[in-house]
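One file, work06.cif, carrying mmCIF, N, CA and C atoms:
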```
data_structure
#
loop_
_atom_site.label_atom_id
_atom_site.label_comp_id
_atom_site.auth_asym_id
_atom_site.auth_seq_id
_atom_site.Cartn_x
_atom_site.Cartn_y
_atom_site.Cartn_z
N MET A 76 18.77 1.28 -66.09
CA MET A 76 18.84 2.05 -64.87
C MET A 76 19.74 1.28 -63.90
N SER A 77 20.65 1.99 -63.29
CA SER A 77 21.57 1.36 -62.35
C SER A 77 20.85 1.03 -61.04
N VAL A 78 21.47 0.20 -60.24
CA VAL A 78 20.92 -0.15 -58.94
C VAL A 78 20.75 1.09 -58.08
N ARG A 79 21.73 1.98 -58.15
CA ARG A 79 21.67 3.23 -57.36
C ARG A 79 20.50 4.10 -57.80
N GLU A 80 20.30 4.26 -59.11
CA GLU A 80 19.18 5.06 -59.62
C GLU A 80 17.85 4.43 -59.24
N ASN A 81 17.76 3.12 -59.36
CA ASN A 81 16.54 2.42 -59.01
C ASN A 81 16.20 2.63 -57.53
N LEU A 82 17.20 2.56 -56.69
CA LEU A 82 17.00 2.77 -55.26
C LEU A 82 16.54 4.21 -54.98
N ARG A 83 17.13 5.17 -55.67
CA ARG A 83 16.71 6.57 -55.49
C ARG A 83 15.22 6.74 -55.81
N TRP A 84 14.76 6.13 -56.91
CA TRP A 84 13.35 6.25 -57.29
C TRP A 84 12.43 5.55 -56.30
N LYS A 85 12.86 4.43 -55.76
CA LYS A 85 12.06 3.75 -54.74
C LYS A 85 11.93 4.61 -53.49
N ILE A 86 13.03 5.22 -53.10
CA ILE A 86 13.01 6.11 -51.93
C ILE A 86 12.10 7.30 -52.21
N ALA A 87 12.22 7.89 -53.39
CA ALA A 87 11.39 9.05 -53.75
C ALA A 87 9.91 8.69 -53.71
N ASN A 88 9.55 7.53 -54.23
CA ASN A 88 8.14 7.12 -54.20
C ASN A 88 7.63 6.92 -52.78
N GLN A 89 8.44 6.37 -51.91
CA GLN A 89 8.03 6.20 -50.52
C GLN A 89 7.92 7.55 -49.81
N MET A 90 8.89 8.44 -50.03
CA MET A 90 8.87 9.76 -49.41
C MET A 90 7.67 10.58 -49.89
N ASN A 91 7.21 10.34 -51.10
CA ASN A 91 6.07 11.07 -51.65
C ASN A 91 4.79 10.79 -50.87
N ARG A 92 4.75 9.75 -50.10
CA ARG A 92 3.58 9.44 -49.28
C ARG A 92 3.42 10.40 -48.10
N LEU A 93 4.49 11.09 -47.75
CA LEU A 93 4.42 12.07 -46.66
C LEU A 93 3.67 13.30 -47.14
N PRO A 94 2.76 13.85 -46.35
CA PRO A 94 1.91 14.95 -46.81
C PRO A 94 2.66 16.23 -47.14
N GLY A 95 3.75 16.55 -46.48
CA GLY A 95 4.44 17.81 -46.73
C GLY A 95 5.63 17.68 -47.66
N GLN A 96 5.80 16.54 -48.28
CA GLN A 96 6.95 16.31 -49.15
C GLN A 96 6.58 16.64 -50.59
N CYS A 97 7.37 17.46 -51.23
CA CYS A 97 7.08 17.90 -52.60
C CYS A 97 7.62 16.90 -53.62
N TRP A 98 6.76 16.43 -54.51
CA TRP A 98 7.16 15.47 -55.54
C TRP A 98 8.19 16.07 -56.48
N THR A 99 8.07 17.33 -56.81
CA THR A 99 9.03 17.98 -57.70
C THR A 99 10.44 17.89 -57.13
N ASP A 100 10.59 18.20 -55.86
CA ASP A 100 11.90 18.13 -55.22
C ASP A 100 12.40 16.69 -55.14
N LEU A 101 11.50 15.76 -54.89
CA LEU A 101 11.90 14.35 -54.85
C LEU A 101 12.40 13.87 -56.20
N VAL A 102 11.74 14.30 -57.27
CA VAL A 102 12.17 13.92 -58.62
C VAL A 102 13.56 14.49 -58.90
N MET A 103 13.77 15.74 -58.54
CA MET A 103 15.09 16.34 -58.76
C MET A 103 16.16 15.58 -57.99
N TRP A 104 15.84 15.16 -56.77
CA TRP A 104 16.79 14.39 -55.99
C TRP A 104 17.04 13.03 -56.63
N ALA A 105 15.97 12.36 -57.06
CA ALA A 105 16.11 11.04 -57.66
C ALA A 105 16.92 11.09 -58.95
N GLN A 106 16.77 12.16 -59.71
CA GLN A 106 17.49 12.29 -60.97
C GLN A 106 18.94 12.70 -60.78
N HIS A 107 19.19 13.59 -59.83
CA HIS A 107 20.52 14.20 -59.74
C HIS A 107 21.18 14.08 -58.37
N GLY A 108 20.40 14.10 -57.31
CA GLY A 108 20.97 14.11 -55.97
C GLY A 108 21.62 15.44 -55.62
N ARG A 109 21.36 16.44 -56.46
CA ARG A 109 21.96 17.76 -56.24
C ARG A 109 20.95 18.85 -56.56
N GLU A 110 21.15 19.98 -55.92
CA GLU A 110 20.32 21.16 -56.18
C GLU A 110 21.28 22.34 -56.32
N ASP A 111 21.31 22.94 -57.46
CA ASP A 111 22.24 24.06 -57.73
C ASP A 111 23.68 23.68 -57.41
N GLY A 112 24.05 22.45 -57.73
CA GLY A 112 25.41 21.99 -57.53
C GLY A 112 25.72 21.52 -56.13
N GLN A 113 24.76 21.64 -55.21
CA GLN A 113 24.97 21.24 -53.82
C GLN A 113 24.26 19.91 -53.57
N PRO A 114 24.91 18.99 -52.84
CA PRO A 114 24.23 17.73 -52.51
C PRO A 114 22.98 17.99 -51.67
N VAL A 115 21.93 17.24 -51.92
CA VAL A 115 20.70 17.38 -51.15
C VAL A 115 20.25 16.01 -50.66
N LEU A 116 19.43 16.02 -49.65
CA LEU A 116 18.83 14.80 -49.12
C LEU A 116 17.35 14.81 -49.46
N PRO A 117 16.74 13.65 -49.59
CA PRO A 117 15.30 13.62 -49.93
C PRO A 117 14.41 13.93 -48.75
N THR A 118 14.98 14.26 -47.62
CA THR A 118 14.17 14.48 -46.41
C THR A 118 13.83 15.94 -46.17
N ARG A 119 14.16 16.82 -47.11
CA ARG A 119 13.79 18.23 -46.95
C ARG A 119 12.38 18.43 -47.49
N PRO A 120 11.42 18.70 -46.64
CA PRO A 120 10.04 18.78 -47.12
C PRO A 120 9.78 19.86 -48.15
N ILE A 121 10.31 21.04 -47.98
CA ILE A 121 10.01 22.12 -48.92
C ILE A 121 11.31 22.69 -49.44
N GLY A 122 11.53 22.55 -50.74
CA GLY A 122 12.75 23.04 -51.36
C GLY A 122 12.48 24.26 -52.21
N TRP A 123 13.49 24.68 -52.94
CA TRP A 123 13.37 25.91 -53.73
C TRP A 123 12.32 25.80 -54.83
N ALA A 124 12.17 24.64 -55.43
CA ALA A 124 11.19 24.50 -56.52
C ALA A 124 9.78 24.71 -55.99
N CYS A 125 9.50 24.15 -54.85
CA CYS A 125 8.17 24.30 -54.26
C CYS A 125 7.91 25.74 -53.83
N ARG A 126 8.91 26.35 -53.20
CA ARG A 126 8.74 27.75 -52.77
C ARG A 126 8.53 28.68 -53.95
N SER A 127 9.26 28.46 -55.04
CA SER A 127 9.10 29.34 -56.20
C SER A 127 7.74 29.11 -56.86
N ASP A 128 7.27 27.87 -56.91
CA ASP A 128 5.93 27.60 -57.44
C ASP A 128 4.86 28.27 -56.58
N MET A 129 5.02 28.19 -55.26
CA MET A 129 4.05 28.83 -54.38
C MET A 129 4.03 30.33 -54.56
N ALA A 130 5.20 30.94 -54.73
CA ALA A 130 5.27 32.39 -54.92
C ALA A 130 4.60 32.81 -56.22
N ARG A 131 4.78 32.02 -57.26
CA ARG A 131 4.20 32.35 -58.57
C ARG A 131 2.74 31.99 -58.68
N ASN A 132 2.37 30.79 -58.20
CA ASN A 132 1.04 30.25 -58.49
C ASN A 132 0.15 30.02 -57.28
N GLY A 133 0.68 30.23 -56.09
CA GLY A 133 -0.11 29.99 -54.89
C GLY A 133 -0.11 28.54 -54.45
N GLY A 134 0.63 27.70 -55.16
CA GLY A 134 0.70 26.30 -54.77
C GLY A 134 1.83 25.60 -55.49
N CYS A 135 2.27 24.52 -54.92
CA CYS A 135 3.35 23.74 -55.51
C CYS A 135 2.82 22.93 -56.69
N PHE A 136 3.69 22.62 -57.63
CA PHE A 136 3.33 21.85 -58.81
C PHE A 136 2.69 20.53 -58.45
N CYS A 137 3.19 19.88 -57.39
CA CYS A 137 2.67 18.56 -57.01
C CYS A 137 1.28 18.65 -56.39
N GLY A 138 0.87 19.85 -55.95
CA GLY A 138 -0.46 20.03 -55.40
C GLY A 138 -0.59 19.76 -53.92
N LYS A 139 0.48 19.37 -53.26
CA LYS A 139 0.40 19.05 -51.83
C LYS A 139 0.47 20.29 -50.95
N ILE A 140 1.20 21.30 -51.39
CA ILE A 140 1.42 22.48 -50.55
C ILE A 140 0.75 23.68 -51.22
N ARG A 141 -0.21 24.25 -50.55
CA ARG A 141 -1.00 25.35 -51.10
C ARG A 141 -1.13 26.49 -50.10
N THR A 142 -1.32 27.71 -50.62
CA THR A 142 -1.53 28.86 -49.75
C THR A 142 -2.98 28.98 -49.34
N GLY A 143 -3.88 28.34 -50.06
CA GLY A 143 -5.31 28.44 -49.76
C GLY A 143 -5.99 29.51 -50.61
N GLU A 144 -5.21 30.29 -51.35
CA GLU A 144 -5.78 31.37 -52.16
C GLU A 144 -5.98 30.96 -53.61
N GLU A 145 -5.35 29.88 -54.04
CA GLU A 145 -5.46 29.48 -55.44
C GLU A 145 -6.81 28.83 -55.70
N THR A 146 -7.18 28.75 -56.96
CA THR A 146 -8.46 28.14 -57.32
C THR A 146 -8.24 26.79 -57.93
#
```
Encoded form using structure tokens:
Amino acid sequence: MSVRENLRWKIANQMNRLPGQCWTDLVMWAQHGREDGQPVLPTRPIGWACRSDMARNGGCFCGKIRTGEET
């Protein structure tokens, strides 16, 4: 793992401590730094992956963001 990749993962792990930050989006940022070909920053609390999970399942994959209707 390069120094740059290692730093991305360290940042992602620290950002994951924030209550509204989606781990799925952080992982995508740490792996690629891009979303649909566009550069992204790790500071966006809710991205497309989380919104699509909420629409389908009532909650994000990481479990931090929920509609309150899921079981």
Give as a PyMOL selection string the residues that the PyMOL selection byres (((chain A and resi 137 and name CA) around 9) and name CA) matches when applied to the coordinates above. chain A and resi 97-99+125+134-136+138-140
Which residue is closest to Asp100 of chain A? Choose from A:Met129, A:Asn81, A:Ala124, A:Asn88 and count only N, CA and C atoms. A:Ala124
Between A:Gln106, A:Asn132, A:Ser127, A:Gln96, which has the minimum distance to Met76 of chain A (counting only C-alpha atoms)? A:Gln106
Tell me which residues the PyMOL selection byres (((chain A and resi 87 and name CA) around 8) and name CA) grabs here, as number ranges by chain. A: 83-86, 88-91, 98, 101-102, 104-105, 117
Quote the spacing between atom CA of His107 of chain A and atom N of Gly95 of chain A in Å to one decimal place.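 Rounded to one decimal, the two atoms are 21.5 Å apart.
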Two-atom distance - atom CA of Val78 of chain A, atom N of Arg92 of chain A (Å):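 If I compute the distance from atom CA of Val78 of chain A to atom N of Arg92 of chain A, I get 20.9 Å.
Of note, atom N of Trp123 of chain A and atom N of Met103 of chain A are spaced 10.6 Å apart.
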